[in-house]
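S.K.: File run-v3.txt below, compact mmCIF, C-alpha atoms:
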```txt
# COMPACT_ATOMS: atom_id res chain seq x y z
CA MET A 374 13.77 81.41 -52.97
CA LYS A 375 11.48 83.90 -51.27
CA ILE A 376 11.18 81.69 -48.19
CA GLN A 377 14.93 81.20 -47.86
CA SER A 378 15.45 84.96 -48.18
CA MET A 379 12.86 85.60 -45.50
CA ALA A 380 14.46 83.14 -43.09
CA GLU A 381 17.95 84.45 -43.83
CA LEU A 382 16.76 88.05 -43.35
CA LEU A 383 15.27 87.27 -39.93
CA LEU A 384 18.46 85.54 -38.78
CA ASP A 385 20.69 88.25 -40.26
CA ILE A 386 18.80 91.05 -38.50
CA LEU A 387 18.86 89.18 -35.19
CA LEU A 388 22.56 88.36 -35.43
CA LYS A 389 23.45 92.00 -36.20
CA ILE A 390 21.41 93.18 -33.24
CA LEU A 391 23.01 90.62 -30.92
CA HIS A 392 26.44 91.63 -32.22
CA ASN A 393 25.71 95.25 -31.30
CA ILE A 394 24.77 94.18 -27.77
CA SER A 395 27.94 92.20 -27.28
CA SER A 396 30.18 94.90 -28.79
CA ASP A 397 28.86 97.36 -26.24
CA ASN A 398 30.28 95.15 -23.48
CA GLU A 399 33.67 94.43 -25.06
CA THR A 400 36.62 96.40 -23.73
CA SER A 401 40.36 96.05 -23.81
CA GLY A 402 42.03 93.86 -21.22
CA ARG A 403 43.36 96.90 -19.40
CA SER A 404 39.94 98.58 -19.32
CA ARG A 405 38.31 95.42 -17.96
CA ASN A 406 40.83 95.17 -15.15
CA LYS A 407 40.34 98.83 -14.33
CA HIS A 408 36.56 98.52 -13.91
CA ALA A 409 36.31 94.97 -12.59
CA ARG A 410 36.03 95.94 -8.94
CA ASN A 411 33.39 98.59 -9.73
CA ARG A 412 31.38 96.02 -11.71
CA ALA A 413 31.53 93.58 -8.81
CA HIS A 414 29.79 96.10 -6.58
CA LYS A 415 27.00 96.33 -9.15
CA GLY A 416 26.27 92.60 -9.17
CA LEU A 417 28.45 91.72 -12.19
CA PHE A 418 31.53 89.55 -12.66
CA LEU A 419 34.15 88.77 -15.28
CA ASN A 420 34.51 85.40 -16.91
CA GLY A 421 36.61 84.33 -19.85
CA LYS A 422 34.05 85.70 -22.30
CA GLY A 423 33.43 89.16 -20.84
CA ILE A 424 31.29 90.90 -18.25
CA ILE A 425 28.10 89.07 -17.29
CA MET A 426 25.63 89.15 -14.43
CA LYS A 427 26.26 87.47 -11.12
CA GLU A 428 24.33 84.27 -10.51
CA LYS A 429 21.98 85.97 -8.06
CA ALA A 430 21.08 88.70 -10.55
CA PHE A 431 20.69 86.17 -13.36
CA HIS A 432 18.34 83.91 -11.39
CA ASN A 433 16.39 86.92 -10.14
CA GLN A 434 15.79 87.94 -13.75
CA VAL A 435 14.75 84.38 -14.61
CA SER A 436 12.28 84.43 -11.69
CA TRP A 437 10.80 87.72 -12.84
CA MET A 438 10.38 86.46 -16.40
CA MET A 439 8.81 83.20 -15.18
CA PHE A 440 6.34 85.15 -13.08
CA VAL A 441 5.38 87.47 -15.95
CA PHE A 442 4.86 84.50 -18.28
CA SER A 443 2.80 82.73 -15.60
CA ILE A 444 0.45 85.73 -15.36
CA LEU A 445 0.08 85.75 -19.14
CA VAL A 446 -0.74 82.02 -19.14
CA ILE A 447 -3.51 82.68 -16.62
CA TRP A 448 -4.97 85.32 -18.92
CA VAL A 449 -4.73 82.97 -21.89
CA HIS A 450 -7.17 80.63 -20.15
CA SER A 451 -9.33 83.33 -18.52
CA TYR A 452 -11.40 84.30 -21.58
CA ASN A 453 -15.03 84.38 -20.35
CA VAL A 454 -17.16 86.40 -22.77
CA GLU A 455 -19.06 83.35 -24.03
CA LEU A 456 -19.79 82.20 -20.46
CA PHE A 457 -21.08 85.60 -19.35
CA SER A 458 -22.94 86.56 -22.55
CA GLY A 459 -24.64 83.20 -23.05
CA GLY A 460 -24.14 83.63 -26.79
CA LEU A 461 -25.77 87.09 -27.02
CA LEU A 462 -24.36 89.58 -29.52
CA SER A 463 -24.15 93.32 -28.88
CA PRO A 464 -21.64 96.17 -28.99
CA TRP A 465 -20.93 95.63 -25.29
CA TRP A 466 -20.00 91.99 -25.76
CA ASP A 467 -18.10 92.79 -28.93
CA ALA A 468 -15.95 95.29 -27.02
CA ALA A 469 -15.36 92.84 -24.17
CA ASP A 470 -14.47 90.12 -26.67
CA LYS A 471 -11.90 92.29 -28.47
CA ILE A 472 -10.24 93.38 -25.23
CA GLN A 473 -9.96 89.87 -23.86
CA ARG A 474 -8.81 88.37 -27.13
CA PHE A 475 -6.12 91.03 -27.50
CA VAL A 476 -4.70 90.15 -24.07
CA SER A 477 -5.23 86.37 -24.24
CA VAL A 478 -4.32 85.77 -27.87
CA GLY A 479 -2.31 88.83 -28.81
CA ILE A 480 -0.11 89.13 -25.73
CA GLY A 481 -0.65 85.94 -23.77
CA GLN A 482 0.55 83.65 -26.53
CA ILE A 483 4.15 84.75 -26.00
CA ALA A 484 4.20 83.03 -22.59
CA VAL A 485 4.78 79.41 -23.60
CA PRO A 486 7.51 80.27 -26.14
CA GLY A 487 9.10 82.25 -23.32
CA PHE A 488 8.90 79.21 -21.05
CA PHE A 489 10.49 77.03 -23.74
CA MET A 490 13.38 79.45 -24.17
CA LEU A 491 14.03 79.94 -20.46
CA SER A 492 13.89 76.19 -19.81
CA SER A 493 16.27 75.51 -22.68
CA TYR A 494 18.71 78.23 -21.68
CA LEU A 495 18.87 76.90 -18.13
CA PHE A 496 19.45 73.36 -19.42
CA PHE A 497 22.26 74.26 -21.82
CA ARG A 498 23.90 76.95 -19.69
CA ASN A 499 27.40 75.63 -18.85
CA PHE A 500 26.40 72.34 -20.49
CA SER A 501 28.88 69.52 -21.10
CA TRP A 502 28.49 65.81 -21.80
CA GLY A 503 29.49 65.03 -18.24
CA GLN A 504 26.48 66.97 -16.95
CA LEU A 505 23.88 65.23 -19.09
CA GLY A 506 23.01 62.54 -16.55
CA ARG A 507 22.69 65.05 -13.73
CA LYS A 508 20.54 67.41 -15.80
CA TRP A 509 18.28 64.58 -17.00
CA LYS A 510 17.90 63.35 -13.44
CA GLY A 511 17.01 66.85 -12.26
CA ARG A 512 14.41 67.30 -15.02
CA PHE A 513 12.94 63.89 -14.25
CA PHE A 514 12.03 65.06 -10.75
CA SER A 515 11.18 68.65 -11.68
CA VAL A 516 9.20 68.02 -14.89
CA VAL A 517 8.37 64.36 -15.60
CA ILE A 518 7.05 63.35 -12.17
CA PRO A 519 4.86 66.48 -11.79
CA TYR A 520 3.54 65.89 -15.31
CA PHE A 521 2.35 62.37 -14.47
CA VAL A 522 1.04 63.26 -11.01
CA TRP A 523 -0.88 66.37 -12.09
CA ASN A 524 -2.45 64.61 -15.09
CA THR A 525 -3.55 61.83 -12.74
CA LEU A 526 -5.02 64.33 -10.28
CA TYR A 527 -6.94 66.14 -13.04
CA TYR A 528 -8.29 62.82 -14.26
CA LEU A 529 -9.40 61.71 -10.79
CA GLY A 530 -10.92 65.14 -10.21
CA TYR A 531 -13.07 64.79 -13.33
CA VAL A 532 -14.01 61.23 -12.41
CA ILE A 533 -15.30 62.40 -9.02
CA ALA A 534 -16.89 65.65 -10.24
CA ALA A 535 -18.75 63.89 -13.07
CA ARG A 536 -20.48 61.74 -10.45
CA LEU A 537 -21.57 64.69 -8.29
CA PRO A 538 -24.71 66.34 -9.75
CA ALA A 539 -24.00 69.62 -7.96
CA VAL A 540 -20.77 70.24 -9.90
CA THR A 541 -21.35 68.31 -13.13
CA ASP A 542 -22.37 71.43 -15.06
CA MET A 543 -19.39 73.30 -13.62
CA VAL A 544 -16.80 70.82 -14.93
CA GLY A 545 -18.60 70.31 -18.24
CA LYS A 546 -18.12 66.52 -18.39
CA ARG A 547 -20.92 64.08 -17.62
CA GLN A 548 -19.38 60.71 -18.51
CA VAL A 549 -15.82 60.02 -17.39
CA PRO A 550 -14.85 56.33 -17.42
CA PHE A 551 -12.73 55.10 -14.54
CA ASN A 552 -10.35 52.45 -15.84
CA GLY A 553 -6.74 51.87 -16.77
CA THR A 554 -7.18 52.71 -20.45
CA GLU A 555 -8.69 56.10 -19.67
CA TRP A 556 -5.97 56.80 -17.13
CA MET A 557 -3.33 56.06 -19.78
CA ALA A 558 -5.05 58.52 -22.12
CA ALA A 559 -5.21 61.07 -19.32
CA VAL A 560 -1.49 60.78 -18.64
CA PHE A 561 0.05 60.24 -22.06
CA GLN A 562 -2.42 62.35 -24.05
CA TYR A 563 -3.18 64.92 -21.30
CA ARG A 564 -6.86 64.32 -22.14
CA TYR A 565 -8.25 65.95 -18.99
CA ALA A 566 -5.59 68.63 -18.58
CA PRO A 567 -4.88 70.13 -22.02
CA ILE A 568 -2.68 72.79 -20.45
CA PHE A 569 -0.02 70.11 -20.03
CA TRP A 570 0.65 69.94 -23.75
CA TYR A 571 3.52 72.29 -22.92
CA LEU A 572 5.10 69.93 -20.38
CA TYR A 573 4.61 67.03 -22.78
CA GLN A 574 6.48 68.96 -25.48
CA LEU A 575 9.14 70.04 -22.99
CA ILE A 576 9.78 66.43 -21.94
CA LEU A 577 10.33 65.47 -25.58
CA LEU A 578 12.69 68.41 -26.07
CA ILE A 579 14.66 67.48 -22.95
CA LEU A 580 15.05 63.95 -24.31
CA LEU A 581 16.27 65.42 -27.61
CA SER A 582 18.81 67.66 -25.90
CA PRO A 583 21.88 65.47 -26.64
CA VAL A 584 21.02 65.46 -30.34
CA LEU A 585 20.47 69.21 -30.30
CA TYR A 586 23.81 69.71 -28.55
CA LEU A 587 25.62 67.75 -31.27
CA ILE A 588 24.14 70.09 -33.88
CA LEU A 589 24.18 73.40 -32.04
CA LYS A 590 27.65 73.23 -30.50
CA ASN A 591 29.01 74.10 -33.96
CA ARG A 592 28.21 77.75 -34.66
CA ILE A 593 27.75 77.49 -38.44
CA LEU A 594 25.91 74.17 -38.38
CA GLY A 595 23.69 75.53 -35.60
CA LEU A 596 22.72 78.61 -37.62
CA MET A 597 21.97 76.47 -40.67
CA TYR A 598 19.79 74.22 -38.51
CA LEU A 599 17.82 77.20 -37.15
CA ALA A 600 17.29 78.47 -40.69
CA VAL A 601 15.99 75.03 -41.75
CA LEU A 602 13.53 75.11 -38.86
CA LEU A 603 12.18 78.48 -40.03
CA VAL A 604 11.71 77.11 -43.53
CA ALA A 605 9.92 74.07 -42.07
CA VAL A 606 7.63 76.39 -40.09
CA HIS A 607 6.72 78.26 -43.27
CA PHE A 608 5.84 75.07 -45.13
CA HIS A 609 3.86 73.74 -42.13
CA LEU A 610 6.20 70.75 -41.85
CA ASP A 611 5.14 70.10 -38.27
CA THR A 612 6.94 67.23 -36.59
CA GLN A 613 4.26 67.34 -33.82
CA ASN A 614 6.41 65.37 -31.39
CA PRO A 615 7.82 67.92 -30.70
CA ASN A 616 6.14 70.74 -32.62
CA THR A 617 8.40 72.51 -35.09
CA ASP A 618 7.87 75.97 -33.60
CA ALA A 619 8.56 74.65 -30.08
CA LEU A 620 11.72 73.03 -31.45
CA PHE A 621 12.78 76.40 -32.87
CA TYR A 622 12.23 78.32 -29.61
CA TYR A 623 14.03 75.65 -27.59
CA SER A 624 16.89 75.32 -30.09
CA PHE A 625 17.51 79.05 -30.40
CA ALA A 626 17.80 79.45 -26.62
CA ALA A 627 20.13 76.45 -26.52
CA TYR A 628 22.28 78.10 -29.20
CA GLY A 629 22.33 81.29 -27.16
CA ALA A 630 23.37 79.43 -24.01
CA LEU A 631 26.18 77.64 -25.85
CA HIS A 632 27.56 80.58 -27.84
CA GLY A 633 26.04 83.80 -26.54
CA ARG A 634 26.20 83.96 -22.73
CA LYS A 635 28.15 87.23 -22.88
CA THR A 636 25.29 88.72 -24.88
CA ALA A 637 22.37 87.09 -23.12
CA GLU A 638 23.67 87.86 -19.63
CA ALA A 639 25.26 91.23 -20.32
CA PRO A 640 24.62 94.03 -17.81
CA GLN A 641 22.01 96.61 -18.65
CA THR A 642 23.31 99.63 -20.59
CA PRO A 643 21.71 102.42 -22.66
CA LYS A 644 22.74 100.61 -25.84
CA ARG A 645 21.22 97.36 -24.59
CA ARG A 646 17.96 99.15 -23.76
CA MET A 647 17.96 100.66 -27.24
CA THR A 648 18.48 97.18 -28.69
CA GLY A 649 15.58 95.88 -26.62
CA GLY A 650 13.43 98.70 -27.98
CA VAL A 651 14.36 97.76 -31.57
CA LEU A 652 13.49 94.11 -30.89
CA LEU A 653 10.19 95.23 -29.35
CA PHE A 654 9.44 97.28 -32.46
CA LEU A 655 10.22 94.30 -34.69
CA ALA A 656 7.90 92.15 -32.57
CA ALA A 657 5.13 94.76 -32.96
CA TRP A 658 5.71 94.78 -36.71
CA CYS A 659 5.43 90.99 -36.84
CA PHE A 660 2.23 91.22 -34.78
CA TYR A 661 0.80 93.64 -37.33
CA LYS A 662 1.84 91.45 -40.26
CA MET A 663 0.46 88.23 -38.77
CA GLY A 664 -2.99 89.85 -38.52
CA ASN A 665 -3.25 90.27 -42.28
CA PRO A 666 -5.46 87.78 -44.15
CA GLY A 667 -3.43 84.83 -45.42
CA ALA A 668 -0.33 85.94 -43.49
CA ASP A 669 2.63 83.58 -43.43
CA VAL A 670 2.82 81.60 -40.19
CA LEU A 671 6.42 82.79 -39.91
CA TRP A 672 5.12 86.18 -38.78
CA THR A 673 3.32 84.53 -35.87
CA VAL A 674 6.36 82.49 -34.84
CA ALA A 675 8.63 85.53 -35.22
CA TYR A 676 6.32 87.61 -33.00
CA ARG A 677 6.09 84.93 -30.30
CA PHE A 678 9.86 84.58 -30.46
CA LEU A 679 10.88 88.25 -30.54
CA MET A 680 8.60 89.37 -27.69
CA PRO A 681 10.18 87.17 -24.98
CA VAL A 682 13.65 87.97 -26.34
CA SER A 683 12.99 91.72 -26.25
CA LEU A 684 11.59 91.50 -22.72
CA TRP A 685 14.70 89.63 -21.60
CA VAL A 686 16.99 92.22 -23.17
CA LEU A 687 15.05 95.06 -21.52
CA ALA A 688 14.92 93.36 -18.11
CA ASP A 689 17.41 94.24 -15.40
CA GLY A 690 17.79 91.45 -12.88
CA GLU A 691 20.59 93.30 -11.09
CA ARG A 692 18.55 96.43 -10.34
CA TRP A 693 15.11 94.88 -9.92
CA THR A 694 14.06 93.93 -6.42
CA GLU A 695 14.29 90.25 -5.54
CA THR A 696 11.17 88.30 -6.41
CA LYS A 697 8.86 87.52 -3.49
CA PRO A 698 8.01 83.94 -2.47
CA TRP A 699 4.50 84.24 -3.94
CA MET A 700 6.09 85.05 -7.30
CA ARG A 701 8.18 81.87 -7.34
CA GLN A 702 5.47 79.22 -7.62
CA SER A 703 6.24 78.48 -11.30
CA MET A 704 5.28 74.81 -11.79
CA PHE A 705 2.62 74.71 -9.06
CA LEU A 706 0.96 77.90 -10.30
CA TYR A 707 1.03 76.68 -13.89
CA ALA A 708 -0.53 73.36 -12.91
CA ILE A 709 -3.28 74.61 -10.60
CA HIS A 710 -4.36 77.82 -12.32
CA PHE A 711 -6.71 76.15 -14.82
CA VAL A 712 -8.93 74.69 -12.09
CA ILE A 713 -9.25 78.03 -10.29
CA VAL A 714 -9.92 79.96 -13.49
CA ARG A 715 -12.61 77.53 -14.58
CA PHE A 716 -14.49 77.56 -11.28
CA VAL A 717 -14.29 81.34 -10.82
CA ASN A 718 -15.40 82.07 -14.38
CA LYS A 719 -18.23 79.55 -14.46
CA GLY A 720 -19.39 80.26 -10.92
CA SER A 721 -19.42 84.05 -11.28
CA ALA A 722 -21.14 83.83 -14.68
CA MET A 723 -23.90 81.60 -13.31
CA ILE A 724 -24.53 83.98 -10.39
CA LEU A 725 -24.18 87.36 -12.09
CA ARG A 726 -26.26 86.50 -15.17
CA GLN A 727 -29.29 86.26 -12.89
CA SER A 728 -28.92 89.74 -11.40
CA LEU A 729 -27.17 92.09 -13.83
CA GLY A 730 -28.21 93.76 -17.04
CA GLU A 731 -26.29 93.34 -20.25
CA GLU A 732 -24.07 96.42 -19.92
CA ALA A 733 -23.18 95.70 -16.29
CA LEU A 734 -22.65 92.02 -17.06
CA ALA A 735 -20.18 92.84 -19.85
CA ALA A 736 -18.29 95.10 -17.44
CA ALA A 737 -18.35 92.35 -14.81
CA SER A 738 -16.88 89.85 -17.26
CA LEU A 739 -13.94 92.20 -17.85
CA ALA A 740 -13.52 92.83 -14.13
CA VAL A 741 -13.41 89.10 -13.39
CA TYR A 742 -11.06 88.55 -16.32
CA PHE A 743 -8.49 91.10 -15.17
CA MET A 744 -8.77 90.09 -11.51
CA LEU A 745 -8.27 86.39 -12.14
CA PRO A 746 -4.44 86.48 -11.99
CA VAL A 747 -4.67 88.09 -8.54
CA MET A 748 -7.18 85.51 -7.32
CA VAL A 749 -5.23 82.60 -8.81
CA VAL A 750 -1.86 83.68 -7.41
CA ALA A 751 -3.39 84.30 -3.96
CA PHE A 752 -5.18 80.96 -3.83
CA SER A 753 -2.21 79.08 -5.25
CA TYR A 754 0.20 80.67 -2.78
CA GLY A 755 -2.07 79.94 0.17
CA THR A 756 -2.33 76.31 -0.94
CA ALA A 757 1.44 76.13 -1.44
CA LEU A 758 2.09 77.44 2.08
CA PHE A 759 -0.37 74.94 3.55
CA LEU A 760 1.17 72.00 1.69
CA GLY A 761 4.70 73.12 2.45
CA ARG A 762 3.95 73.25 6.17
CA TYR A 763 1.66 70.27 6.72
CA MET A 764 2.41 67.96 3.77
CA PRO A 765 5.93 68.82 2.59
CA TRP A 766 6.31 65.49 0.78
CA LEU A 767 3.26 66.27 -1.38
CA TRP A 768 4.46 69.81 -2.00
CA ARG A 769 7.81 68.50 -3.24
CA ILE A 770 6.06 66.19 -5.70
CA LEU A 771 3.54 68.74 -7.00
CA SER A 772 6.11 71.53 -7.31
CA GLY A 773 8.81 69.37 -8.81
CA GLY A 774 11.06 69.92 -5.81
CA ARG A 775 11.02 73.69 -6.20
CA SER A 776 11.32 76.04 -3.26
CA LEU A 777 9.38 79.26 -2.66
CA ARG A 778 12.59 80.69 -1.23
CA LYS A 779 14.57 80.20 -4.41
CA GLY A 780 13.14 80.91 -7.85
CA GLU A 781 13.68 78.19 -10.40
CA GLY A 782 12.43 77.68 -13.93
CA ILE A 783 9.79 75.28 -15.14
```
In structure tokens, write the structure found in this file.

M.R.:
Amino acid sequence: MKIQSMAELLLDILLKILHNISSDNETSGRSRNKHARNRAHKGLFLNGKGIIMKEKAFHNQVSWMMFVFSILVIWVHSYNVELFSGGLLSPWWDAADKIQRFVSVGIGQIAVPGFFMLSSYLFFRNFSWGQLGRKWKGRFFSVVIPYFVWNTLYYLGYVIAARLPAVTDMVGKRQVPFNGTEWMAAVFQYRYAPIFWYLYQLILLILLSPVLYLILKNRILGLMYLAVLLVAVHFHLDTQNPNTDALFYYSFAAYGALHGRKTAEAPQTPKRRMTGGVLLFLAAWCFYKMGNPGADVLWTVAYRFLMPVSLWVLADGERWTETKPWMRQSMFLYAIHFVIVRFVNKGSAMILRQSLGEEALAAASLAVYFMLPVMVVAFSYGTALFLGRYMPWLWRILSGGRSLRKGEGI
């Protein structure tokens, strides 16, 4: 009974908040006609369900959110205290550890749920049965092919590196078999590129999309389904393929795309900003609760869900400047960042530990940690430009057909 109440309370609060957003944008037919031309000049347009952003503003906001989540993913994998400290314990390393863990674990863990929700919203936005084949075909080239190719490249990279004494310690693997069985494990179990667990889950969710549509296209049945998922999360009923929490993030965004476009894509207003602030406060409260000993896993899922939602509500794709090409790398940046982070962290730790004292070394670990997103984005963008100019066919494969000129989701 307690669990059902908790799930119902979360959904009830969220639905009331979303209702307040949408009510702020509802006007009489006469009022809409009166302000339609003014809205058009501000990057907005009218559809049958109310005032929503123009496509350009919408996709600009998606690009901004994708970039922010990409930076957070880089920080998730940039933790380096153990590499720099060599296992030593002191107040300096304790402080560095807390700072990095707060960013990587506390903040960074909202990135993948954000990716799930953006990917789902883009899939189900304007969805109909007639579009299923086209959307599946598009995701095959933009997600499935890059997943197989990048896993293969990571595997071959480890095979080669493990046979080169100069870099064996850097990669951390000494024996990497080179055969078909190991390649299958590398591709289907992402054995040598654990960061691709997200793409693996996303592929499963994309395949499940028709089933989800059958459930979620009905408003009441969809809400009941989302409540069941929250209960399953509480009882640790993890389906694994896909994970229950990933299924919740993906399903909620799909529900929003099917029934809440007017709310999700509403123009920015003072009331919408206030709503975003309330959602941000609720996310902070969930973050506080999930840190308590023995806390229900629902608090963690709620935090990782509410943070991306609140950021979306607070964002303003119409007013924000258009994202730059180096901010639109999405898939390529996600795929390549782990290699760069690993080499920079391990290389700098090996060099600096020989010349710096403990206090300076702890400071250096933080400096490298916070600079890694800059280094990764710069290196990734340079590589992307090179491939796009001299090997465009390879760039299309590795990026999933994405263009640096036009931001697209993962």

S.K.: Select, counting all atoms listed in the file, all protein, DNA and RNA residues no farther than 12 Å from (12.3, 65.8, -29.2) in file coordinates, and express the selection as a ChimeraX atom specification.

M.R.: /A:573-585,612-621,623-624

S.K.: State, in Å with one decimal place, the distance from atom CA of Lys635 of chain A to atom CA of Arg498 of chain A.

M.R.: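 Going from atom CA of Lys635 of chain A over to atom CA of Arg498 of chain A, I get 11.6 Å.
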
S.K.: Atom CA of Trp766 of chain A and atom CA of Pro746 of chain A, how far apart in Å?

M.R.: 26.8 Å

S.K.: Go through A:Tyr527, A:Phe654, A:Val435, A:Val606 and flag the residue nearest Trp672 of chain A, using only C-alpha atoms for the distances.

M.R.: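 Distance minimum relative to Trp672 of chain A lands on A:Val606.
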
S.K.: From the list A:Ala675, A:Ala737, A:Leu599, A:Ile568, which residue is nearest Ala469 of chain A when using all atoms listed in the file?

M.R.: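 Looking only at the distances to Ala469 of chain A, the closest residue turns out to be A:Ala737.
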
S.K.: Taking only C-alpha atoms into account, name the residue in A:Ala668, A:Val712, A:Gln434, A:Asp470 that is nearest to Gly530 of chain A.

M.R.: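 Under the stated criterion, the closest residue is A:Val712.
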
S.K.: Determine the nearest neighbour of Asn524 of chain A from the options A:Gly720, A:Pro567, A:Gly503, A:Pro486, counting all atoms listed in the file.

M.R.: A:Pro567

S.K.: In Å, rounded to a single decimal, give me how far atom CA of Phe716 of chain A is from atom CA of Pro538 of chain A.

M.R.: 15.3 Å

S.K.: For Trp570 of chain A, which of A:Ala688, A:Thr642, A:Tyr520, A:Trp658 is the closest residue, counting only C-alpha atoms?

M.R.: A:Tyr520

S.K.: Mind checking which residues fall within 12 Å of Gly479 of chain A, counting all atoms listed in the file, ignoring those fewer than 5 positions away in the same chain, and posting them as a list in words?

M.R.: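 Near neighbours after the sequence-gap exclusion: Leu445, Val446, Trp448, Val449, Lys471, Ile472, Gln473, Arg474, Ala484, Ala656, Ala657, Cys659, Phe660, Tyr661, Met663, Gly664, Thr673, Tyr676, Arg677 and Met680 of chain A.
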
S.K.: May I have the residues within 12 Å of Trp768 of chain A as a PyMOL selection string, using only C-alpha atoms and disregarding those fewer than 4 positions away in the same chain?

M.R.: chain A and resi 515+519+522-523+702+704-705+753-754+756-764+772-777

S.K.: Wanna dump the segment 685-783 of chain A-segment 647-651 of chain A contacts at 10 Å for me, each residue with its shortest atom pair and the distance in Å to one decimal, counting all atoms listed in the file, ordered by chain and number, as a Markdown table?

M.R.:
```
| residue | atom | partner | partner_atom | distance |
| --- | --- | --- | --- | --- |
| A:Trp685 | CA | A:Gly649 | CA | 8.1 |
| A:Val686 | CA | A:Gly649 | CA | 5.2 |
| A:Leu687 | CA | A:Gly649 | CA | 5.2 |
| A:Ala688 | CA | A:Gly649 | CA | 8.9 |
```

S.K.: Could you check the closest approach to Asn718 of chain A for each of A:Phe440, A:Phe457, A:Phe488, A:Phe496 and tell me which residue wins, using all atoms listed in the file?

M.R.: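 Using all atoms listed in the file, Asn718 of chain A sits closest to A:Phe457.
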